[in-house]
Amino acid sequence: MWNPKATVENALILLLLTLSVMAKTVFSQNCQNTGCPGLKECCSSWGSCGIKDDQCGFWCFSGPCNLTNKSYGFNYNVSAGPRGPIESIVTPSLFKRIMSKVGNNCPAKGFYTHHAFISAVKSFQAYKRTVAKREVAAILTHFAHGSEGFCYKEDKARGKYCSPSKKYPCEPGKQYYGRGPLQSIRWNEYYGAASIFLRLPLLKDPDRVAQSPEVAFKLALWFWTTNVRPALYLGFGESSKRVDGRLCDNLHPNDTKNLVNQYVNLCKILEITPDEGTLQVVMNSR
């Protein structure tokens, strides 16, 4: 016998499933702009989030890409070469030189300080003794690029960036968009994981990142040491993919060239040679 109630219920279920698939499809197409919400999820070149080979393998666009069995040789290693204490590499005069390019109309003018940077770097065990000058150049390059030349401390394109998470639930009324010098760091799960590592209440109070320059640098360095540093042996290009896959695609060639040129210029200032892979990119772009 025909049951009108059951028919309506089935139609509603079908509609909800359809909407769910549509929502997931819309989101996946945007992951190249927003990143993926999960700590272990990669964004593929086709725009889908996941943890399988289709997302994290050869066609990985950004995120914790699977870089196993890849090796380009010693000369590609961003963590190789001359080393020294961070305060001897990034001196007050060097930092002032970098910040002198920040325009007076920039919202973050005067926010990022030398003291905050040095203090943040030295709070990480990996940098308590010495650090490779190449890596410092790479860090400063990405920090400058991620904040548009240290002009911003908050992402201009705001958004809630809240994904369902039992471990890192979103705080009511809070938004988890990018803040600090690496504004590709988004989503509550990243803020939550950083909160535990840094012992700061960033999940409950993400705005703290834009209020304290030291916290801003610490969040960026947490992401760098956790997600980017393991790929430094593969060169500046491959490690840049860990920061933001858009920096290495073929859709933003000028963005990529600007990033590489910044890195090369900083290496010159620090009187070191960039990794061989970066030099090849420079030569091919001429």
# chains A, B, ... in the order shown; residues from 1 in each chain; ligands from 1
>>> residues_around(residues="A:Asn227", least_positions_apart="5", cutoff="12 Å", atoms="only C-alpha atoms", output="VMD selection string")
chain A and resid 39 to 42 62 to 67 185 190 194 220 to 222 232 238 to 244
>>> write_last_selection(atoms="N, CA, C and O atoms", output="CSV table (one decimal), in the first residue's frame")
chain,number,residue,atom,x,y,z
A,39,LEU,N,43.9,18.0,10.2
A,39,LEU,CA,45.3,18.1,10.3
A,39,LEU,C,46.1,17.2,9.4
A,39,LEU,O,47.2,17.5,9.0
A,40,LYS,N,45.5,16.1,9.0
A,40,LYS,CA,46.2,15.1,8.2
A,40,LYS,C,45.7,15.1,6.7
A,40,LYS,O,46.1,14.3,5.9
A,41,GLU,N,44.8,16.0,6.4
A,41,GLU,CA,44.2,16.0,5.1
A,41,GLU,C,45.0,16.9,4.1
A,41,GLU,O,45.6,17.9,4.5
A,42,CYS,N,45.1,16.4,2.9
A,42,CYS,CA,45.8,17.1,1.8
A,42,CYS,C,44.8,17.6,0.8
A,42,CYS,O,43.7,17.1,0.7
A,62,SER,N,48.6,20.9,-1.7
A,62,SER,CA,49.1,21.5,-0.4
A,62,SER,C,48.7,20.6,0.8
A,62,SER,O,47.9,19.7,0.6
A,63,GLY,N,49.3,20.9,1.9
A,63,GLY,CA,49.1,20.1,3.1
A,63,GLY,C,50.2,19.2,3.4
A,63,GLY,O,51.3,19.3,2.8
A,64,PRO,N,50.0,18.2,4.2
A,64,PRO,CA,51.1,17.2,4.5
A,64,PRO,C,51.3,16.2,3.4
A,64,PRO,O,51.0,15.0,3.6
A,65,CYS,N,51.7,16.7,2.3
A,65,CYS,CA,51.9,15.8,1.1
A,65,CYS,C,52.9,14.7,1.4
A,65,CYS,O,53.9,14.9,2.2
A,66,ASN,N,52.7,13.5,0.8
A,66,ASN,CA,53.5,12.4,1.0
A,66,ASN,C,54.8,12.5,0.2
A,66,ASN,O,54.8,12.3,-1.1
A,67,LEU,N,55.9,12.8,0.8
A,67,LEU,CA,57.1,13.1,0.0
A,67,LEU,C,58.1,12.0,0.2
A,67,LEU,O,59.3,12.1,-0.1
A,185,ILE,N,47.4,29.5,7.7
A,185,ILE,CA,47.0,28.7,8.8
A,185,ILE,C,45.6,29.0,9.2
A,185,ILE,O,45.3,30.1,9.7
A,190,TYR,N,43.8,23.4,13.5
A,190,TYR,CA,45.2,23.9,13.5
A,190,TYR,C,45.4,24.8,14.8
A,190,TYR,O,46.4,24.7,15.5
A,194,ALA,N,47.9,23.8,17.8
A,194,ALA,CA,48.9,24.8,18.2
A,194,ALA,C,48.7,25.2,19.7
A,194,ALA,O,49.7,25.4,20.4
A,220,ALA,N,53.1,30.8,13.7
A,220,ALA,CA,53.7,30.5,12.4
A,220,ALA,C,54.9,29.5,12.4
A,220,ALA,O,55.0,28.7,11.6
A,221,LEU,N,55.7,29.7,13.5
A,221,LEU,CA,56.9,28.8,13.6
A,221,LEU,C,56.4,27.4,14.0
A,221,LEU,O,57.1,26.4,13.7
A,222,TRP,N,55.3,27.3,14.8
A,222,TRP,CA,54.8,25.9,15.1
A,222,TRP,C,54.4,25.2,13.8
A,222,TRP,O,54.7,24.1,13.6
A,232,LEU,N,62.4,20.2,4.1
A,232,LEU,CA,63.4,21.1,3.7
A,232,LEU,C,64.5,20.5,2.8
A,232,LEU,O,65.1,21.1,2.0
A,238,GLU,N,59.6,22.5,-3.0
A,238,GLU,CA,58.8,21.4,-2.4
A,238,GLU,C,58.3,21.9,-1.0
A,238,GLU,O,57.2,21.6,-0.6
A,239,SER,N,59.2,22.5,-0.2
A,239,SER,CA,58.8,22.9,1.1
A,239,SER,C,57.8,24.0,1.0
A,239,SER,O,56.9,24.1,1.9
A,240,SER,N,57.8,24.9,0.0
A,240,SER,CA,56.8,25.9,-0.2
A,240,SER,C,55.4,25.3,-0.4
A,240,SER,O,54.4,26.0,0.0
A,241,LYS,N,55.4,24.2,-1.0
A,241,LYS,CA,54.1,23.5,-1.2
A,241,LYS,C,53.4,23.2,0.2
A,241,LYS,O,52.2,23.2,0.3
A,242,ARG,N,54.2,23.0,1.2
A,242,ARG,CA,53.7,22.7,2.5
A,242,ARG,C,53.0,23.9,3.1
A,242,ARG,O,52.2,23.9,4.0
A,243,VAL,N,53.5,25.1,2.7
A,243,VAL,CA,53.0,26.4,3.2
A,243,VAL,C,51.7,26.7,2.5
A,243,VAL,O,50.7,27.0,3.1
A,244,ASP,N,51.8,26.7,1.2
A,244,ASP,CA,50.6,27.1,0.4
A,244,ASP,C,50.8,26.5,-1.0
A,244,ASP,O,51.7,27.0,-1.7
>>> closest_residue(among="A:His142, A:Lys174, A:Arg134, A:Lys166", to="A:Pro274", atoms="only C-alpha atoms")
A:Arg134
>>> residues_around(residues="A:Glu189", least_positions_apart="2", cutoff="12 Å", atoms="only C-alpha atoms", output="PyMOL selection string")
chain A and resi 35-41+161-171+175-177+185-187+191-196+202-204+206
>>> write_last_selection(atoms="N, CA, C and O atoms", output="compact mmCIF listing (two decimals), in the first residue's frame")
# COMPACT_ATOMS: atom_id res chain seq x y z
N GLY A 35 42.28 25.77 2.05
CA GLY A 35 42.98 24.70 2.76
C GLY A 35 41.98 23.67 3.25
O GLY A 35 40.77 23.88 3.19
N CYS A 36 42.48 22.54 3.74
CA CYS A 36 41.60 21.48 4.25
C CYS A 36 41.53 21.57 5.77
O CYS A 36 42.50 21.91 6.43
N PRO A 37 40.36 21.26 6.33
CA PRO A 37 40.18 21.42 7.78
C PRO A 37 40.93 20.42 8.64
O PRO A 37 41.31 20.72 9.75
N GLY A 38 41.16 19.22 8.14
CA GLY A 38 41.80 18.19 8.95
C GLY A 38 43.31 18.35 9.01
O GLY A 38 43.94 18.75 8.04
N LEU A 39 43.89 18.02 10.16
CA LEU A 39 45.34 18.14 10.32
C LEU A 39 46.10 17.20 9.39
O LEU A 39 47.23 17.47 9.02
N LYS A 40 45.49 16.08 9.02
CA LYS A 40 46.17 15.10 8.19
C LYS A 40 45.67 15.11 6.75
O LYS A 40 46.11 14.31 5.94
N GLU A 41 44.75 16.01 6.43
CA GLU A 41 44.18 16.05 5.09
C GLU A 41 45.03 16.87 4.14
O GLU A 41 45.58 17.90 4.50
N TYR A 161 35.77 29.29 9.35
CA TYR A 161 36.70 28.17 9.25
C TYR A 161 36.55 27.22 10.44
O TYR A 161 37.52 26.90 11.13
N CYS A 162 35.34 26.79 10.66
CA CYS A 162 35.03 25.87 11.76
C CYS A 162 34.58 24.53 11.19
O CYS A 162 33.61 24.48 10.44
N SER A 163 35.29 23.47 11.53
CA SER A 163 34.91 22.13 11.08
C SER A 163 34.53 21.29 12.30
O SER A 163 35.05 21.52 13.40
N PRO A 164 33.60 20.34 12.15
CA PRO A 164 33.20 19.50 13.28
C PRO A 164 34.40 18.76 13.87
O PRO A 164 35.14 18.10 13.15
N SER A 165 34.62 18.92 15.17
CA SER A 165 35.76 18.27 15.82
C SER A 165 35.48 18.08 17.30
O SER A 165 35.18 19.04 18.01
N LYS A 166 35.56 16.82 17.76
CA LYS A 166 35.37 16.55 19.19
C LYS A 166 36.60 16.99 19.98
O LYS A 166 36.48 17.45 21.11
N LYS A 167 37.77 16.84 19.37
CA LYS A 167 39.00 17.18 20.08
C LYS A 167 39.24 18.68 20.12
O LYS A 167 39.73 19.23 21.11
N TYR A 168 38.90 19.37 19.02
CA TYR A 168 39.13 20.80 18.93
C TYR A 168 37.84 21.53 18.55
O TYR A 168 37.72 22.08 17.45
N PRO A 169 36.84 21.52 19.44
CA PRO A 169 35.57 22.17 19.11
C PRO A 169 35.71 23.68 19.03
O PRO A 169 36.49 24.29 19.76
N CYS A 170 34.97 24.27 18.12
CA CYS A 170 35.03 25.72 17.94
C CYS A 170 34.41 26.44 19.13
O CYS A 170 33.39 26.02 19.67
N GLU A 171 35.03 27.51 19.52
CA GLU A 171 34.50 28.35 20.59
C GLU A 171 33.38 29.21 20.01
O GLU A 171 33.53 29.79 18.93
N GLN A 175 36.21 32.95 15.24
CA GLN A 175 36.53 32.61 13.86
C GLN A 175 38.00 32.20 13.76
O GLN A 175 38.86 32.76 14.44
N TYR A 176 38.26 31.24 12.89
CA TYR A 176 39.61 30.65 12.80
C TYR A 176 40.25 30.90 11.43
O TYR A 176 40.80 30.00 10.82
N TYR A 177 40.16 32.16 10.99
CA TYR A 177 40.81 32.55 9.74
C TYR A 177 42.30 32.80 10.01
O TYR A 177 42.78 32.74 11.15
N ILE A 185 47.42 29.53 7.65
CA ILE A 185 47.04 28.69 8.79
C ILE A 185 45.60 29.02 9.16
O ILE A 185 45.32 30.09 9.71
N ARG A 186 44.69 28.11 8.86
CA ARG A 186 43.27 28.32 9.11
C ARG A 186 42.67 27.06 9.74
O ARG A 186 43.31 26.03 9.78
N TRP A 187 41.45 27.18 10.20
CA TRP A 187 40.65 26.09 10.75
C TRP A 187 40.94 25.85 12.24
O TRP A 187 42.05 25.99 12.72
N TYR A 191 44.39 25.63 15.05
CA TYR A 191 44.48 26.46 16.24
C TYR A 191 44.49 25.59 17.50
O TYR A 191 45.20 25.89 18.47
N GLY A 192 43.71 24.52 17.48
CA GLY A 192 43.64 23.62 18.64
C GLY A 192 44.95 22.89 18.88
O GLY A 192 45.44 22.81 20.01
N ALA A 193 45.53 22.34 17.81
CA ALA A 193 46.80 21.62 17.93
C ALA A 193 47.92 22.56 18.36
O ALA A 193 48.77 22.20 19.18
N ALA A 194 47.90 23.77 17.83
CA ALA A 194 48.91 24.76 18.22
C ALA A 194 48.75 25.16 19.68
O ALA A 194 49.73 25.39 20.39
N SER A 195 47.50 25.23 20.14
CA SER A 195 47.23 25.57 21.55
C SER A 195 47.92 24.60 22.50
O SER A 195 48.52 25.01 23.50
N ILE A 196 47.83 23.31 22.17
CA ILE A 196 48.43 22.28 23.02
C ILE A 196 49.95 22.39 22.99
O ILE A 196 50.61 22.36 24.03
N LEU A 202 44.74 29.33 22.28
CA LEU A 202 44.42 29.88 20.96
C LEU A 202 43.11 29.36 20.41
O LEU A 202 42.47 30.02 19.58
N LEU A 203 42.69 28.17 20.83
CA LEU A 203 41.40 27.65 20.37
C LEU A 203 40.26 28.48 20.97
O LEU A 203 39.28 28.79 20.28
N LYS A 204 40.39 28.84 22.22
CA LYS A 204 39.37 29.65 22.88
C LYS A 204 39.49 31.12 22.50
O LYS A 204 38.51 31.85 22.47
N PRO A 206 41.42 32.83 19.52
CA PRO A 206 42.29 32.95 18.34
C PRO A 206 42.74 34.39 18.07
O PRO A 206 43.77 34.61 17.44
>>> residues_around(residues="A:Val215", least_positions_apart="5", cutoff="10 Å", atoms="only C-alpha atoms", output="list in words")
Ala116, Phe117, Ser119, Ala120, Gly180, Leu198, Leu200, Leu202, Arg208, Val209, Ala210, Ala220 and Leu221 of chain A
>>> atom_distance(atom1="atom CA of A:Val121", atom2="atom CA of A:Phe61")
27.8 Å
>>> select_by_dssp(residues="stretch 41-161 of chain A", states="strand (DSSP E or B)", output="PyMOL selection string")
chain A and resi 42-44+49-50+60-62+83-84+131-132+154
>>> write_last_selection(atoms="all heavy atoms", output="PDB file, in the first residue's frame")
ATOM      1  N   CYS A  42      45.106  16.391   2.893  1.00  0.00           N
ATOM      2  CA  CYS A  42      45.799  17.115   1.828  1.00  0.00           C
ATOM      3  C   CYS A  42      44.763  17.626   0.831  1.00  0.00           C
ATOM      4  O   CYS A  42      43.675  17.067   0.703  1.00  0.00           O
ATOM      5  CB  CYS A  42      46.766  16.197   1.083  1.00  0.00           C
ATOM      6  SG  CYS A  42      47.981  15.371   2.137  1.00  0.00           S
ATOM      7  N   CYS A  43      45.119  18.679   0.139  1.00  0.00           N
ATOM      8  CA  CYS A  43      44.279  19.206  -0.936  1.00  0.00           C
ATOM      9  C   CYS A  43      44.915  18.785  -2.251  1.00  0.00           C
ATOM     10  O   CYS A  43      46.083  19.066  -2.493  1.00  0.00           O
ATOM     11  CB  CYS A  43      44.197  20.735  -0.836  1.00  0.00           C
ATOM     12  SG  CYS A  43      43.214  21.503  -2.148  1.00  0.00           S
ATOM     13  N   SER A  44      44.161  18.090  -3.080  1.00  0.00           N
ATOM     14  CA  SER A  44      44.711  17.607  -4.346  1.00  0.00           C
ATOM     15  C   SER A  44      44.677  18.705  -5.403  1.00  0.00           C
ATOM     16  O   SER A  44      44.032  19.738  -5.238  1.00  0.00           O
ATOM     17  CB  SER A  44      43.900  16.408  -4.848  1.00  0.00           C
ATOM     18  OG  SER A  44      42.665  16.847  -5.397  1.00  0.00           O
ATOM     19  N   CYS A  49      39.715  17.241  -0.736  1.00  0.00           N
ATOM     20  CA  CYS A  49      40.446  17.006   0.506  1.00  0.00           C
ATOM     21  C   CYS A  49      40.422  15.520   0.858  1.00  0.00           C
ATOM     22  O   CYS A  49      39.440  14.829   0.600  1.00  0.00           O
ATOM     23  CB  CYS A  49      39.814  17.793   1.663  1.00  0.00           C
ATOM     24  SG  CYS A  49      40.031  19.576   1.550  1.00  0.00           S
ATOM     25  N   GLY A  50      41.493  15.032   1.449  1.00  0.00           N
ATOM     26  CA  GLY A  50      41.534  13.638   1.864  1.00  0.00           C
ATOM     27  C   GLY A  50      42.910  13.250   2.341  1.00  0.00           C
ATOM     28  O   GLY A  50      43.835  14.062   2.377  1.00  0.00           O
ATOM     29  N   CYS A  60      49.423  15.990  -5.036  1.00  0.00           N
ATOM     30  CA  CYS A  60      49.130  16.792  -3.843  1.00  0.00           C
ATOM     31  C   CYS A  60      49.376  18.276  -4.130  1.00  0.00           C
ATOM     32  O   CYS A  60      50.439  18.660  -4.623  1.00  0.00           O
ATOM     33  CB  CYS A  60      50.003  16.332  -2.680  1.00  0.00           C
ATOM     34  SG  CYS A  60      49.686  17.197  -1.132  1.00  0.00           S
ATOM     35  N   PHE A  61      48.377  19.099  -3.815  1.00  0.00           N
ATOM     36  CA  PHE A  61      48.463  20.545  -4.061  1.00  0.00           C
ATOM     37  C   PHE A  61      49.023  21.281  -2.854  1.00  0.00           C
ATOM     38  O   PHE A  61      49.850  22.164  -2.961  1.00  0.00           O
ATOM     39  CB  PHE A  61      47.053  21.064  -4.389  1.00  0.00           C
ATOM     40  CG  PHE A  61      46.971  22.526  -4.696  1.00  0.00           C
ATOM     41  CD1 PHE A  61      47.286  23.001  -5.956  1.00  0.00           C
ATOM     42  CD2 PHE A  61      46.567  23.434  -3.736  1.00  0.00           C
ATOM     43  CE1 PHE A  61      47.205  24.347  -6.259  1.00  0.00           C
ATOM     44  CE2 PHE A  61      46.490  24.785  -4.025  1.00  0.00           C
ATOM     45  CZ  PHE A  61      46.804  25.249  -5.281  1.00  0.00           C
ATOM     46  N   SER A  62      48.551  20.900  -1.657  1.00  0.00           N
ATOM     47  CA  SER A  62      49.052  21.511  -0.427  1.00  0.00           C
ATOM     48  C   SER A  62      48.693  20.622   0.753  1.00  0.00           C
ATOM     49  O   SER A  62      47.882  19.712   0.635  1.00  0.00           O
ATOM     50  CB  SER A  62      48.459  22.914  -0.226  1.00  0.00           C
ATOM     51  OG  SER A  62      47.057  22.848  -0.059  1.00  0.00           O
ATOM     52  N   ARG A  83      75.658  27.809   9.361  1.00  0.00           N
ATOM     53  CA  ARG A  83      74.710  27.913  10.460  1.00  0.00           C
ATOM     54  C   ARG A  83      75.202  28.935  11.486  1.00  0.00           C
ATOM     55  O   ARG A  83      76.354  29.381  11.455  1.00  0.00           O
ATOM     56  CB  ARG A  83      74.547  26.550  11.155  1.00  0.00           C
ATOM     57  CG  ARG A  83      74.133  25.425  10.250  1.00  0.00           C
ATOM     58  CD  ARG A  83      74.084  24.110  11.005  1.00  0.00           C
ATOM     59  NE  ARG A  83      73.023  24.106  11.999  1.00  0.00           N
ATOM     60  CZ  ARG A  83      71.760  23.773  11.739  1.00  0.00           C
ATOM     61  NH1 ARG A  83      71.400  23.438  10.515  1.00  0.00           N
ATOM     62  NH2 ARG A  83      70.854  23.778  12.694  1.00  0.00           N
ATOM     63  N   GLY A  84      74.317  29.281  12.404  1.00  0.00           N
ATOM     64  CA  GLY A  84      74.698  30.193  13.469  1.00  0.00           C
ATOM     65  C   GLY A  84      73.531  30.422  14.409  1.00  0.00           C
ATOM     66  O   GLY A  84      72.401  30.027  14.116  1.00  0.00           O
ATOM     67  N   VAL A 131      70.941  27.543  13.627  1.00  0.00           N
ATOM     68  CA  VAL A 131      69.977  27.298  12.560  1.00  0.00           C
ATOM     69  C   VAL A 131      70.662  27.623  11.238  1.00  0.00           C
ATOM     70  O   VAL A 131      71.537  28.495  11.173  1.00  0.00           O
ATOM     71  CB  VAL A 131      68.706  28.163  12.756  1.00  0.00           C
ATOM     72  CG1 VAL A 131      69.050  29.634  12.794  1.00  0.00           C
ATOM     73  CG2 VAL A 131      67.674  27.886  11.671  1.00  0.00           C
ATOM     74  N   ALA A 132      70.305  26.909  10.184  1.00  0.00           N
ATOM     75  CA  ALA A 132      70.885  27.148   8.863  1.00  0.00           C
ATOM     76  C   ALA A 132      70.419  28.492   8.316  1.00  0.00           C
ATOM     77  O   ALA A 132      69.237  28.836   8.415  1.00  0.00           O
ATOM     78  CB  ALA A 132      70.502  26.032   7.904  1.00  0.00           C
ATOM     79  N   GLU A 154      46.123  40.075  10.048  1.00  0.00           N
ATOM     80  CA  GLU A 154      44.898  39.286   9.916  1.00  0.00           C
ATOM     81  C   GLU A 154      44.540  39.158   8.450  1.00  0.00           C
ATOM     82  O   GLU A 154      44.747  40.088   7.666  1.00  0.00           O
ATOM     83  CB  GLU A 154      43.742  39.945  10.670  1.00  0.00           C
ATOM     84  CG  GLU A 154      43.904  39.986  12.171  1.00  0.00           C
ATOM     85  CD  GLU A 154      42.714  40.662  12.853  1.00  0.00           C
ATOM     86  OE1 GLU A 154      42.613  41.896  12.757  1.00  0.00           O
ATOM     87  OE2 GLU A 154      41.902  39.950  13.453  1.00  0.00           O
TER      88      GLU A 154
END
>>> closest_residue(among="A:Gln183, A:Ser147, A:Ser79, A:Asn258", to="A:Val102", atoms="only C-alpha atoms")
A:Ser147
>>> closest_residue(among="A:Gly159, A:Gly81, A:Pro213, A:Gly237", to="A:Asn188", atoms="only C-alpha atoms")
A:Gly159
>>> select_by_dssp(residues="stretch 99-157 of chain A", states="alpha helix (DSSP H)", output="NGL selection string")
:A and (99 or 114-122 or 133-146)
>>> closest_residue(among="A:Gly47, A:Pro201, A:Pro107, A:Gly173", to="A:Asp155", atoms="only C-alpha atoms")
A:Pro107
>>> residues_around(residues="A:Thr113", least_positions_apart="3", cutoff="10 Å", atoms="only C-alpha atoms", output="list in words")
Pro92, Phe95, Lys96, Met99, Lys109, Gly110, Ala116, Phe117, Ile118, Pro213, Glu214 and Phe217 of chain A
